[in-house]
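Peer 1: First the structure, which I've put down as C-alpha cells, then a few questions once you've had a look.
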Amino acid sequence: MRRRTEIMWGVVALLLVGWWVASALGLLPVGLQDLFWRALPALLILFGLTLLLRNRIPLGGAVALLVTVALVGAIIYTAYSSRAGQQNTDSQQIIDQPIDRTLTLVRVRLTTLATDVEIVTSSASSVGGTFTGSRDHQITTDYQLGGDGTSTLTIDEISRSGDFPLLETMGRGTLTILIPEGIPIDLQLRATDGDVLLNLGSTALERLNVTAISGDLVAALPDYDPVYSQPDDMLGTLTADAGDLALIVPVQVAARLELDRRGSGIAPQFDGTRYDYLQGDVLQGVDIRTASKVVRYALAAGRGEIRIESSS
C-alpha cells in the first residue's frame, strides 16, 4: 500500500512539474492558469484523505484521488455555471456606423456569444447600438463599401481569453442594435447563447437569416414587400435550436412558412383563419394568391414550439 501511495504522489509531482513548464513557456491560457491556482488547495484534501484511507480500505490512495478530483470538478462547475448565468455590466461599448441612404442594400452580419440580442428600428441614418457585458468580451465592427452600391457591416462579439476566461470576468451580456428604417437590409445573425428579439416592424427588410443556438427567438416582420426578390423566392431561415420560435407577421402580408420541427412532435401554433396547414409541414396564408405583399421563410425548432402571430 505504501508503494502505491508513493507512486501516486510521484505522478502528482510530475503533473505539477509539467504544468509549471507549460505555464513558463506560455502554452496555457490565462484562464486555465487561474483555474489551476484556484484548485491547488485541493492537494491538502488529497493528502488528508490519503492518510485517512490508506490503511482502512484497499487502494485508499486511488480512492482519495478520485474523491478529490470529483470534489474539485463539482466546485469548478458550480462556480462557473453560477457566474455564466449572471448579467455582467463591467464594460460598455457604443456602436455608431453612419449609413449612406443612397445605398441599394446594406448587409448586416452579426455574431454573439453569451449575450441576449435585441434589434429594433431607428429613424437615424446609422446603425447604432450598445453592448453591455464582461471585461473579457468586446464587440468588433468592420464596415466595407462595395462597388455595386451596397455595403456590408460585420459586428462580432469576441472573447479576449478564448475558451478559458477568468472566473471574475465571466457573465452574460446584452446587445441592442438600431437598424435605420427605409434602407434595404439583409440581416444575418448567429447567437451562440442568448435570447433574440427582432422588432423589425418599420425596416425595409430584404432578407433575414437567424440562428439562436441556445435561447428563444422572436421576430416581428415589417409591412414591406421585398424589392430584390421574386414572390416565389425564399427570403431566409429562422432557427431556434433549443428554444421556442415566434414569428409575428403583419396582417397586410401573406406568408408561406416551411416548418422543420426536427422530429420534436410539438404542434405549431397558428391562427387557422389566416393559414392553411399543407402537406409537408407548410403553413400558407389563405390570401397568398391575391395579396400584394408575399414573403416566404423557413422556420426550424429543435426542441421548442413554433408559433405564428399576427400584427396590425
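Here, A, B, ... name the chains of the C-alpha cells in the order displayed, residue numbers run from 1 inside each chain, and ligands are numbered from 1 in the same displayed order.
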Using only C-alpha atoms, determine which residues lie at most 7 Å from stretch 247-254 of chain A, disregarding the query and same-chain residues fewer than 4 positions distant; provide the list as a VMD selection string.
Peer 2: chain A and resid 218 to 223 285 287 to 288 291 293 to 295 307 to 312
Peer 1: List every residue of stretch 40-276 of chain A that DSSP, applied to the backbone, labels as strand (DSSP E), and write the result as an mmCIF file with N, CA and C atoms, in the first residue's frame.
Peer 2:
```cif
data_model
loop_
_atom_site.group_PDB
_atom_site.id
_atom_site.type_symbol
_atom_site.label_atom_id
_atom_site.label_comp_id
_atom_site.auth_asym_id
_atom_site.auth_seq_id
_atom_site.Cartn_x
_atom_site.Cartn_y
_atom_site.Cartn_z
ATOM 1 N N SER A 91 -18.450 46.302 -18.497
ATOM 2 C CA SER A 91 -17.949 47.017 -19.671
ATOM 3 C C SER A 91 -19.111 47.434 -20.567
ATOM 4 N N GLN A 92 -18.950 48.587 -21.224
ATOM 5 C CA GLN A 92 -19.974 49.053 -22.150
ATOM 6 C C GLN A 92 -19.320 49.631 -23.403
ATOM 7 N N GLN A 93 -19.876 49.284 -24.564
ATOM 8 C CA GLN A 93 -19.397 49.808 -25.837
ATOM 9 C C GLN A 93 -20.552 50.415 -26.625
ATOM 10 N N ILE A 94 -20.239 51.465 -27.346
ATOM 11 C CA ILE A 94 -21.230 52.135 -28.192
ATOM 12 C C ILE A 94 -20.920 51.818 -29.653
ATOM 13 N N ILE A 95 -21.952 51.486 -30.411
ATOM 14 C CA ILE A 95 -21.821 51.235 -31.850
ATOM 15 C C ILE A 95 -22.490 52.382 -32.596
ATOM 16 N N ASP A 96 -21.793 52.979 -33.551
ATOM 17 C CA ASP A 96 -22.365 54.063 -34.349
ATOM 18 C C ASP A 96 -21.700 54.063 -35.720
ATOM 19 N N GLN A 97 -22.362 53.408 -36.678
ATOM 20 C CA GLN A 97 -21.832 53.328 -38.027
ATOM 21 C C GLN A 97 -22.755 54.084 -38.986
ATOM 22 N N PRO A 98 -22.322 55.252 -39.481
ATOM 23 C CA PRO A 98 -23.149 56.003 -40.434
ATOM 24 C C PRO A 98 -23.400 55.186 -41.709
ATOM 25 N N LEU A 105 -28.488 48.435 -50.848
ATOM 26 C CA LEU A 105 -28.617 47.318 -49.913
ATOM 27 C C LEU A 105 -27.501 47.395 -48.880
ATOM 28 N N VAL A 106 -27.863 47.177 -47.619
ATOM 29 C CA VAL A 106 -26.879 47.101 -46.536
ATOM 30 C C VAL A 106 -26.964 45.706 -45.911
ATOM 31 N N ARG A 107 -25.869 44.994 -45.968
ATOM 32 C CA ARG A 107 -25.803 43.668 -45.347
ATOM 33 C C ARG A 107 -25.265 43.822 -43.924
ATOM 34 N N VAL A 108 -26.009 43.309 -42.963
ATOM 35 C CA VAL A 108 -25.578 43.336 -41.558
ATOM 36 C C VAL A 108 -25.319 41.905 -41.126
ATOM 37 N N ARG A 109 -24.066 41.629 -40.745
ATOM 38 C CA ARG A 109 -23.650 40.287 -40.316
ATOM 39 C C ARG A 109 -23.252 40.362 -38.849
ATOM 40 N N LEU A 110 -23.960 39.628 -38.010
ATOM 41 C CA LEU A 110 -23.807 39.758 -36.567
ATOM 42 C C LEU A 110 -23.628 38.392 -35.921
ATOM 43 N N THR A 111 -22.615 38.258 -35.053
ATOM 44 C CA THR A 111 -22.422 37.033 -34.275
ATOM 45 C C THR A 111 -22.217 37.420 -32.814
ATOM 46 N N THR A 112 -22.837 36.655 -31.914
ATOM 47 C CA THR A 112 -22.714 36.936 -30.486
ATOM 48 C C THR A 112 -22.408 35.657 -29.725
ATOM 49 N N LEU A 113 -21.931 35.812 -28.500
ATOM 50 C CA LEU A 113 -21.591 34.690 -27.629
ATOM 51 C C LEU A 113 -22.671 34.556 -26.547
ATOM 52 N N ALA A 114 -22.318 34.759 -25.286
ATOM 53 C CA ALA A 114 -23.289 34.636 -24.193
ATOM 54 C C ALA A 114 -24.003 35.964 -23.991
ATOM 55 N N THR A 115 -24.874 36.296 -24.931
ATOM 56 C CA THR A 115 -25.467 37.633 -24.959
ATOM 57 C C THR A 115 -26.907 37.573 -25.460
ATOM 58 N N ASP A 116 -27.789 38.314 -24.769
ATOM 59 C CA ASP A 116 -29.152 38.500 -25.253
ATOM 60 C C ASP A 116 -29.145 39.635 -26.276
ATOM 61 N N VAL A 117 -29.825 39.424 -27.396
ATOM 62 C CA VAL A 117 -29.781 40.375 -28.508
ATOM 63 C C VAL A 117 -31.166 40.958 -28.756
ATOM 64 N N GLU A 118 -31.209 42.270 -28.905
ATOM 65 C CA GLU A 118 -32.436 42.948 -29.312
ATOM 66 C C GLU A 118 -32.105 43.867 -30.483
ATOM 67 N N ILE A 119 -32.864 43.728 -31.570
ATOM 68 C CA ILE A 119 -32.682 44.580 -32.741
ATOM 69 C C ILE A 119 -33.988 45.313 -32.990
ATOM 70 N N VAL A 120 -33.895 46.644 -33.057
ATOM 71 C CA VAL A 120 -35.070 47.481 -33.267
ATOM 72 C C VAL A 120 -34.756 48.482 -34.376
ATOM 73 N N THR A 121 -35.783 49.179 -34.834
ATOM 74 C CA THR A 121 -35.592 50.158 -35.904
ATOM 75 C C THR A 121 -35.373 51.555 -35.337
ATOM 76 N N SER A 122 -34.758 52.385 -36.168
ATOM 77 C CA SER A 122 -34.435 53.743 -35.762
ATOM 78 C C SER A 122 -34.603 54.677 -36.946
ATOM 79 N N SER A 126 -27.885 55.748 -39.365
ATOM 80 C CA SER A 126 -26.727 54.970 -38.939
ATOM 81 C C SER A 126 -27.204 53.695 -38.263
ATOM 82 N N VAL A 127 -26.335 52.695 -38.259
ATOM 83 C CA VAL A 127 -26.560 51.504 -37.445
ATOM 84 C C VAL A 127 -25.913 51.781 -36.099
ATOM 85 N N GLY A 128 -26.718 51.883 -35.079
ATOM 86 C CA GLY A 128 -26.214 52.189 -33.748
ATOM 87 C C GLY A 128 -26.463 51.042 -32.798
ATOM 88 N N GLY A 129 -26.068 51.254 -31.552
ATOM 89 C CA GLY A 129 -26.324 50.232 -30.564
ATOM 90 C C GLY A 129 -25.438 50.347 -29.349
ATOM 91 N N THR A 130 -25.717 49.484 -28.383
ATOM 92 C CA THR A 130 -24.970 49.449 -27.130
ATOM 93 C C THR A 130 -24.742 48.003 -26.717
ATOM 94 N N PHE A 131 -23.509 47.718 -26.348
ATOM 95 C CA PHE A 131 -23.171 46.396 -25.789
ATOM 96 C C PHE A 131 -22.771 46.586 -24.336
ATOM 97 N N THR A 132 -23.393 45.814 -23.452
ATOM 98 C CA THR A 132 -23.045 45.808 -22.039
ATOM 99 C C THR A 132 -22.718 44.377 -21.644
ATOM 100 N N GLY A 133 -21.512 44.176 -21.106
ATOM 101 C CA GLY A 133 -21.104 42.821 -20.756
ATOM 102 C C GLY A 133 -19.850 42.806 -19.910
ATOM 103 N N HIS A 137 -15.277 40.219 -22.775
ATOM 104 C CA HIS A 137 -15.935 40.230 -24.085
ATOM 105 C C HIS A 137 -15.943 41.636 -24.657
ATOM 106 N N GLN A 138 -15.819 41.712 -25.958
ATOM 107 C CA GLN A 138 -15.893 43.001 -26.629
ATOM 108 C C GLN A 138 -16.516 42.829 -28.003
ATOM 109 N N ILE A 139 -16.990 43.952 -28.550
ATOM 110 C CA ILE A 139 -17.611 43.978 -29.868
ATOM 111 C C ILE A 139 -16.628 44.581 -30.872
ATOM 112 N N THR A 140 -16.454 43.904 -31.995
ATOM 113 C CA THR A 140 -15.637 44.447 -33.083
ATOM 114 C C THR A 140 -16.549 44.737 -34.271
ATOM 115 N N THR A 141 -16.254 45.796 -34.994
ATOM 116 C CA THR A 141 -17.057 46.159 -36.156
ATOM 117 C C THR A 141 -16.156 46.371 -37.371
ATOM 118 N N ASP A 142 -16.690 46.042 -38.522
ATOM 119 C CA ASP A 142 -15.976 46.249 -39.779
ATOM 120 C C ASP A 142 -17.003 46.657 -40.833
ATOM 121 N N TYR A 143 -16.741 47.779 -41.504
ATOM 122 C CA TYR A 143 -17.676 48.285 -42.491
ATOM 123 C C TYR A 143 -16.980 48.407 -43.842
ATOM 124 N N GLN A 144 -17.566 47.748 -44.841
ATOM 125 C CA GLN A 144 -16.977 47.731 -46.177
ATOM 126 C C GLN A 144 -18.009 48.195 -47.202
ATOM 127 N N LEU A 145 -17.589 49.140 -48.035
ATOM 128 C CA LEU A 145 -18.429 49.588 -49.143
ATOM 129 C C LEU A 145 -18.129 48.759 -50.378
ATOM 130 N N THR A 150 -23.744 48.715 -52.697
ATOM 131 C CA THR A 150 -24.111 48.015 -51.466
ATOM 132 C C THR A 150 -22.979 48.160 -50.446
ATOM 133 N N SER A 151 -23.243 47.761 -49.226
ATOM 134 C CA SER A 151 -22.223 47.762 -48.184
ATOM 135 C C SER A 151 -22.461 46.585 -47.242
ATOM 136 N N THR A 152 -21.422 46.242 -46.465
ATOM 137 C CA THR A 152 -21.513 45.144 -45.506
ATOM 138 C C THR A 152 -20.958 45.599 -44.164
ATOM 139 N N LEU A 153 -21.784 45.497 -43.131
ATOM 140 C CA LEU A 153 -21.377 45.819 -41.770
ATOM 141 C C LEU A 153 -21.295 44.510 -40.983
ATOM 142 N N THR A 154 -20.108 44.208 -40.476
ATOM 143 C CA THR A 154 -19.891 42.992 -39.694
ATOM 144 C C THR A 154 -19.675 43.366 -38.236
ATOM 145 N N ILE A 155 -20.487 42.783 -37.364
ATOM 146 C CA ILE A 155 -20.403 43.038 -35.923
ATOM 147 C C ILE A 155 -20.204 41.694 -35.231
ATOM 148 N N ASP A 156 -19.073 41.534 -34.547
ATOM 149 C CA ASP A 156 -18.751 40.268 -33.887
ATOM 150 C C ASP A 156 -18.468 40.492 -32.412
ATOM 151 N N GLU A 157 -18.986 39.594 -31.596
ATOM 152 C CA GLU A 157 -18.606 39.564 -30.188
ATOM 153 C C GLU A 157 -17.487 38.545 -30.024
ATOM 154 N N ILE A 158 -16.386 38.942 -29.403
ATOM 155 C CA ILE A 158 -15.249 38.054 -29.222
ATOM 156 C C ILE A 158 -14.874 38.000 -27.747
ATOM 157 N N SER A 159 -14.202 36.909 -27.380
ATOM 158 C CA SER A 159 -13.685 36.737 -26.025
ATOM 159 C C SER A 159 -12.171 36.890 -26.066
ATOM 160 N N GLY A 173 -24.072 39.073 -21.348
ATOM 161 C CA GLY A 173 -24.132 40.434 -21.845
ATOM 162 C C GLY A 173 -25.465 40.723 -22.510
ATOM 163 N N THR A 174 -25.664 41.989 -22.879
ATOM 164 C CA THR A 174 -26.837 42.406 -23.637
ATOM 165 C C THR A 174 -26.369 43.285 -24.799
ATOM 166 N N LEU A 175 -26.967 43.092 -25.935
ATOM 167 C CA LEU A 175 -26.614 43.871 -27.125
ATOM 168 C C LEU A 175 -27.883 44.387 -27.775
ATOM 169 N N THR A 176 -27.959 45.696 -27.920
ATOM 170 C CA THR A 176 -29.083 46.326 -28.611
ATOM 171 C C THR A 176 -28.564 46.985 -29.889
ATOM 172 N N ILE A 177 -29.173 46.622 -31.010
ATOM 173 C CA ILE A 177 -28.779 47.171 -32.307
ATOM 174 C C ILE A 177 -29.948 47.967 -32.876
ATOM 175 N N LEU A 178 -29.640 49.162 -33.374
ATOM 176 C CA LEU A 178 -30.640 50.021 -34.002
ATOM 177 C C LEU A 178 -30.423 50.008 -35.514
ATOM 178 N N ILE A 179 -31.440 49.548 -36.245
ATOM 179 C CA ILE A 179 -31.374 49.452 -37.702
ATOM 180 C C ILE A 179 -32.134 50.629 -38.315
ATOM 181 N N PRO A 180 -31.509 51.377 -39.214
ATOM 182 C CA PRO A 180 -32.219 52.525 -39.814
ATOM 183 C C PRO A 180 -33.380 52.066 -40.687
ATOM 184 N N PRO A 184 -32.794 49.394 -47.506
ATOM 185 C CA PRO A 184 -32.910 47.947 -47.706
ATOM 186 C C PRO A 184 -31.848 47.189 -46.905
ATOM 187 N N ILE A 185 -32.301 46.211 -46.115
ATOM 188 C CA ILE A 185 -31.433 45.498 -45.183
ATOM 189 C C ILE A 185 -31.461 43.997 -45.460
ATOM 190 N N ASP A 186 -30.269 43.405 -45.474
ATOM 191 C CA ASP A 186 -30.104 41.946 -45.487
ATOM 192 C C ASP A 186 -29.441 41.600 -44.155
ATOM 193 N N LEU A 187 -30.211 41.013 -43.246
ATOM 194 C CA LEU A 187 -29.742 40.787 -41.878
ATOM 195 C C LEU A 187 -29.440 39.316 -41.645
ATOM 196 N N GLN A 188 -28.258 39.066 -41.090
ATOM 197 C CA GLN A 188 -27.866 37.700 -40.755
ATOM 198 C C GLN A 188 -27.305 37.698 -39.337
ATOM 199 N N LEU A 189 -27.853 36.840 -38.476
ATOM 200 C CA LEU A 189 -27.473 36.809 -37.064
ATOM 201 C C LEU A 189 -27.262 35.375 -36.607
ATOM 202 N N ARG A 190 -26.164 35.171 -35.869
ATOM 203 C CA ARG A 190 -25.908 33.875 -35.226
ATOM 204 C C ARG A 190 -25.624 34.147 -33.749
ATOM 205 N N ALA A 191 -26.536 33.702 -32.883
ATOM 206 C CA ALA A 191 -26.413 33.906 -31.446
ATOM 207 C C ALA A 191 -26.081 32.578 -30.779
ATOM 208 N N THR A 192 -24.898 32.492 -30.192
ATOM 209 C CA THR A 192 -24.451 31.234 -29.600
ATOM 210 C C THR A 192 -25.246 30.884 -28.348
ATOM 211 N N ASP A 193 -25.446 31.861 -27.473
ATOM 212 C CA ASP A 193 -26.121 31.584 -26.195
ATOM 213 C C ASP A 193 -26.853 32.840 -25.751
ATOM 214 N N VAL A 196 -33.088 36.072 -28.508
ATOM 215 C CA VAL A 196 -33.032 37.022 -29.621
ATOM 216 C C VAL A 196 -34.420 37.619 -29.828
ATOM 217 N N LEU A 197 -34.473 38.953 -29.828
ATOM 218 C CA LEU A 197 -35.719 39.674 -30.073
ATOM 219 C C LEU A 197 -35.500 40.632 -31.237
ATOM 220 N N LEU A 198 -36.236 40.424 -32.322
ATOM 221 C CA LEU A 198 -36.103 41.254 -33.522
ATOM 222 C C LEU A 198 -37.415 41.995 -33.748
ATOM 223 N N ASN A 199 -37.390 43.293 -33.515
ATOM 224 C CA ASN A 199 -38.564 44.124 -33.761
ATOM 225 C C ASN A 199 -38.294 44.942 -35.021
ATOM 226 N N ALA A 204 -36.872 48.155 -44.046
ATOM 227 C CA ALA A 204 -37.005 47.677 -45.422
ATOM 228 C C ALA A 204 -36.244 46.353 -45.501
ATOM 229 N N LEU A 205 -36.855 45.320 -44.955
ATOM 230 C CA LEU A 205 -36.179 44.031 -44.790
ATOM 231 C C LEU A 205 -36.233 43.217 -46.080
ATOM 232 N N GLU A 206 -35.071 42.984 -46.664
ATOM 233 C CA GLU A 206 -34.989 42.203 -47.895
ATOM 234 C C GLU A 206 -34.791 40.720 -47.617
ATOM 235 N N ARG A 207 -33.895 40.408 -46.667
ATOM 236 C CA ARG A 207 -33.629 39.012 -46.322
ATOM 237 C C ARG A 207 -33.338 38.920 -44.829
ATOM 238 N N LEU A 208 -33.637 37.750 -44.248
ATOM 239 C CA LEU A 208 -33.421 37.556 -42.814
ATOM 240 C C LEU A 208 -33.024 36.114 -42.552
ATOM 241 N N ASN A 209 -31.841 35.929 -41.983
ATOM 242 C CA ASN A 209 -31.369 34.608 -41.580
ATOM 243 C C ASN A 209 -30.883 34.704 -40.136
ATOM 244 N N VAL A 210 -31.500 33.929 -39.254
ATOM 245 C CA VAL A 210 -31.176 33.993 -37.827
ATOM 246 C C VAL A 210 -31.054 32.579 -37.272
ATOM 247 N N THR A 211 -30.003 32.371 -36.471
ATOM 248 C CA THR A 211 -29.836 31.114 -35.746
ATOM 249 C C THR A 211 -29.607 31.434 -34.277
ATOM 250 N N ALA A 212 -30.514 30.960 -33.424
ATOM 251 C CA ALA A 212 -30.356 31.064 -31.977
ATOM 252 C C ALA A 212 -30.042 29.661 -31.470
ATOM 253 N N LEU A 217 -36.273 32.708 -29.771
ATOM 254 C CA LEU A 217 -36.191 33.631 -30.898
ATOM 255 C C LEU A 217 -37.573 34.193 -31.188
ATOM 256 N N VAL A 218 -37.675 35.517 -31.157
ATOM 257 C CA VAL A 218 -38.917 36.214 -31.511
ATOM 258 C C VAL A 218 -38.586 37.226 -32.597
ATOM 259 N N ALA A 219 -39.300 37.162 -33.713
ATOM 260 C CA ALA A 219 -39.043 38.061 -34.836
ATOM 261 C C ALA A 219 -40.351 38.656 -35.328
ATOM 262 N N ALA A 220 -40.406 39.987 -35.396
ATOM 263 C CA ALA A 220 -41.566 40.692 -35.932
ATOM 264 C C ALA A 220 -41.204 41.252 -37.299
ATOM 265 N N THR A 237 -33.968 31.832 -43.385
ATOM 266 C CA THR A 237 -34.292 30.769 -42.441
ATOM 267 C C THR A 237 -34.141 31.290 -41.021
ATOM 268 N N LEU A 238 -35.136 30.993 -40.188
ATOM 269 C CA LEU A 238 -35.095 31.344 -38.775
ATOM 270 C C LEU A 238 -35.035 30.045 -37.979
ATOM 271 N N THR A 239 -34.013 29.916 -37.131
ATOM 272 C CA THR A 239 -33.772 28.662 -36.418
ATOM 273 C C THR A 239 -33.597 28.923 -34.927
ATOM 274 N N ALA A 240 -34.323 28.153 -34.127
ATOM 275 C CA ALA A 240 -34.129 28.136 -32.676
ATOM 276 C C ALA A 240 -33.789 26.694 -32.305
ATOM 277 N N LEU A 245 -39.673 29.451 -30.946
ATOM 278 C CA LEU A 245 -39.563 30.373 -32.072
ATOM 279 C C LEU A 245 -40.929 30.990 -32.318
ATOM 280 N N ALA A 246 -40.982 32.325 -32.272
ATOM 281 C CA ALA A 246 -42.222 33.030 -32.550
ATOM 282 C C ALA A 246 -41.990 34.002 -33.702
ATOM 283 N N LEU A 247 -42.856 33.934 -34.707
ATOM 284 C CA LEU A 247 -42.787 34.841 -35.853
ATOM 285 C C LEU A 247 -44.068 35.659 -35.896
ATOM 286 N N ILE A 248 -43.915 36.980 -35.952
ATOM 287 C CA ILE A 248 -45.059 37.888 -35.988
ATOM 288 C C ILE A 248 -45.141 38.492 -37.385
ATOM 289 N N VAL A 249 -46.243 38.233 -38.062
ATOM 290 C CA VAL A 249 -46.418 38.656 -39.454
ATOM 291 C C VAL A 249 -47.549 39.678 -39.530
ATOM 292 N N PRO A 250 -47.329 40.836 -40.167
ATOM 293 C CA PRO A 250 -48.412 41.817 -40.317
ATOM 294 C C PRO A 250 -49.584 41.232 -41.101
ATOM 295 N N ALA A 254 -48.948 38.358 -46.736
ATOM 296 C CA ALA A 254 -49.220 36.926 -46.821
ATOM 297 C C ALA A 254 -47.894 36.164 -46.738
ATOM 298 N N ALA A 255 -47.910 35.042 -46.044
ATOM 299 C CA ALA A 255 -46.664 34.303 -45.826
ATOM 300 C C ALA A 255 -46.832 32.832 -46.150
ATOM 301 N N ARG A 256 -45.759 32.274 -46.688
ATOM 302 C CA ARG A 256 -45.642 30.824 -46.835
ATOM 303 C C ARG A 256 -44.446 30.416 -45.975
ATOM 304 N N LEU A 257 -44.710 29.541 -45.000
ATOM 305 C CA LEU A 257 -43.710 29.200 -43.998
ATOM 306 C C LEU A 257 -43.477 27.692 -44.009
ATOM 307 N N GLU A 258 -42.260 27.308 -44.360
ATOM 308 C CA GLU A 258 -41.888 25.888 -44.381
ATOM 309 C C GLU A 258 -41.292 25.526 -43.027
ATOM 310 N N LEU A 259 -41.919 24.592 -42.333
ATOM 311 C CA LEU A 259 -41.546 24.254 -40.965
ATOM 312 C C LEU A 259 -40.624 23.044 -40.922
ATOM 313 N N ASP A 260 -39.696 23.084 -40.000
ATOM 314 C CA ASP A 260 -38.823 21.940 -39.717
ATOM 315 C C ASP A 260 -38.807 21.763 -38.205
ATOM 316 N N TYR A 275 -54.162 30.902 -41.901
ATOM 317 C CA TYR A 275 -53.207 29.996 -42.538
ATOM 318 C C TYR A 275 -53.834 28.638 -42.801
ATOM 319 N N ASP A 276 -53.466 28.078 -43.964
ATOM 320 C CA ASP A 276 -53.778 26.685 -44.271
ATOM 321 C C ASP A 276 -52.561 25.839 -43.916
#
```
Peer 1: In Å, with one decimal, what is the gap from atom CA of A:Gly201 to atom CA of A:Ser292?
Peer 2: 17.5 Å
Peer 1: Out of A:Thr104, A:Tyr297, A:Thr273, A:Arg289, which residue has the shortest atom-to-atom distance to A:Met234 when counting only C-alpha atoms?
Peer 2: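 Among A:Thr104, A:Tyr297, A:Thr273, A:Arg289, it is A:Tyr297 that comes nearest to A:Met234.
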Peer 1: As an exercise, work out the distance from atom CA of A:Arg296 to atom CA of A:Gly149 in Å and give it to one decimal place.
Peer 2: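 Computed distance, atom CA of A:Arg296 to atom CA of A:Gly149, equals 25.5 Å.
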